[in-house]
Amino acid sequence: MSDEKSAAPLFVKATSSAGRRELALRVLTPLLVIACLVLVWYAYVRLSGVPPYILPGPAAVASTFVTDWGTLAPALWVTTKITLISLMLALVGGVGFAIFLVQSRWIELAFYPLAVILQVTPIVAISPLILIYAPSTQVALLICAFLVAFFPILSNMVQGLKSVDHNLINLFELYGASRWQTLLFLKLPAAQPYFMTGLRIGGGLALIAAVVAEFAAGSAGAGSGLAFRLLEAQYRLNIPRLFAALLMLSLLGVAIFAVTSFISWLALHRWHESSLKREN
């Protein structure tokens with residue numbers, strides 16, 4: 001009996017140390033790969049002698065990142081704001097419209113094709129119309145980013161609401177639950193994994209749409225986002241600044257994916273198979 005009590009803390013300690021090692025490997029492995037790629041980039045620039053207006057080295061990009069921070073940071077904030085607001089609107093609209101669609105088979109047949117049409121229509125093609133009818137350029141950018149992020153959330157949410165176990169639905173009906181009680185206490189919780197998938201996809205698409213919409217809008221000036229700074233750097237052949245703006249966009253995309261993945265883990269790690277840690 002005493003041997004079992006003494007072995008329990010050792011098991012807990014070994015498990016926690018194994019978890020820390022796994023976390024360290026998950027963090028260090030991609031960092032090492034990125035460091036190797038940067039070294040290859042640096043070596044190629046130094047050995048080939050390519051001019052900086054064709055391919056700047058990592059040091060030049062890092063220097064531009066610091067010196068042009070006053071110009072790039074406001075543009076980063078504009079792009080971030082458009083991305084996050086459009087994602088929030090897509091979440092509210094996608095979930096609300098999905099709940100509306102699943103109320104009736106006829107409603108789904110009538111309105112779901114409209115969402116499909118909006119999704120398959122290239123945003124670059126309809127952005128001129130949005131720019132004409134929107135009250136301002138910022139509103140037009142929000143609408144474009146919203147339309148792109150809306151459909152993945154809607155599609156995943158509809159699939160989640162329709163994938164609830166029919167036996168559980170029958171059980172709720174047997175106990176006299178109303179339609180809204182079934183929705184709140186059964187369908188919405190069961191659709192969480194699908195919603196989280198749509199959230200992760202929609203976050204990345206909202207950023208892409210915000211940049212593409214700004215390219216199409218051709219907006220310029222102090223209130224412009226990183227897309228304008230990319231075009232400006234291209235026209236002026238300021239390639240280090242172009243690389244620095246691209247780095248900012250990549251880091252913003254990684255941050256959005258990391259936050260949405262963390263939210264998904266918080267919501268699912270205690271009960272859903274996709275987030276539970278396997279024991280074998």
# chains A, B, ... in the order shown; residues from 1 in each chain; ligands from 1

$ residues_around --residues "region 193-208 of chain A" --least-positions-apart "6" --cutoff "7 Å" --atoms "only C-alpha atoms" --output "MDAnalysis selection string"
chainID A and resid 83 86:87 145:146 148:149 152:153 156:157 160 253 256:257 260:261 264

$ closest_atom_pairs --of "region 24-102 of chain A" --to "region 169-187 of chain A" --cutoff "12 Å" --atoms "only C-alpha atoms" --output "tab-separated table"
residue	atom	partner	partner_atom	distance
A:Ala98	CA	A:Lys187	CA	11.6
A:Ile99	CA	A:Leu183	CA	8.6
A:Phe100	CA	A:Leu183	CA	11.3
A:Val102	CA	A:Leu183	CA	10.2

$ closest_atom_pairs --of "region 72-129 of chain A" --to "region 230-234 of chain A" --cutoff "12 Å" --atoms "only C-alpha atoms" --output "JSON lines"
{"residue": "A:Leu72", "atom": "CA", "partner": "A:Leu230", "partner_atom": "CA", "distance": 9.8}
{"residue": "A:Ala75", "atom": "CA", "partner": "A:Leu230", "partner_atom": "CA", "distance": 10.2}
{"residue": "A:Leu76", "atom": "CA", "partner": "A:Leu230", "partner_atom": "CA", "distance": 11.3}

$ write_last_selection --atoms "N, CA and C atoms" --output "PDB file, in the first residue's frame"
ATOM      1  N   LEU A  72       4.384  51.764 -40.856  1.00  0.00           N
ATOM      2  CA  LEU A  72       3.728  50.472 -41.017  1.00  0.00           C
ATOM      3  C   LEU A  72       2.756  50.154 -39.886  1.00  0.00           C
ATOM      4  N   ALA A  75      -0.854  51.338 -40.407  1.00  0.00           N
ATOM      5  CA  ALA A  75      -1.471  50.523 -41.458  1.00  0.00           C
ATOM      6  C   ALA A  75      -1.816  49.134 -40.934  1.00  0.00           C
ATOM      7  N   LEU A  76      -0.952  48.583 -40.094  1.00  0.00           N
ATOM      8  CA  LEU A  76      -1.241  47.282 -39.477  1.00  0.00           C
ATOM      9  C   LEU A  76      -2.493  47.356 -38.618  1.00  0.00           C
TER      10      LEU A  76
END

$ select_by_dssp --residues "region 144-184 of chain A" --states "alpha helix (DSSP H)" --output "VMD selection string"
chain A and resid 144 to 162 166 to 174 179 to 182

$ closest_residue --among "A:Trp265, A:Trp271, A:Trp69, A:Phe243" --to "Pro52 (chain A)" --atoms "only C-alpha atoms"
A:Phe243

$ residues_around --residues "region 32-46 of chain A" --least-positions-apart "2" --cutoff "9 Å" --atoms "only C-alpha atoms" --output "PyMOL selection string"
chain A and resi 27-30+48-52+55-59

$ atom_distance --atom1 "CA of Ile132 (chain A)" --atom2 "CA of Leu249 (chain A)"
27.4 Å

$ atom_distance --atom1 "CA of Arg270 (chain A)" --atom2 "CA of Ala190 (chain A)"
13.7 Å

$ atom_distance --atom1 "CA of Thr121 (chain A)" --atom2 "CA of Trp77 (chain A)"
28.2 Å

$ closest_residue --among "A:Tyr53, A:Phe215, A:Tyr235, A:Phe150" --to "Met88 (chain A)" --atoms "only C-alpha atoms"
A:Phe150
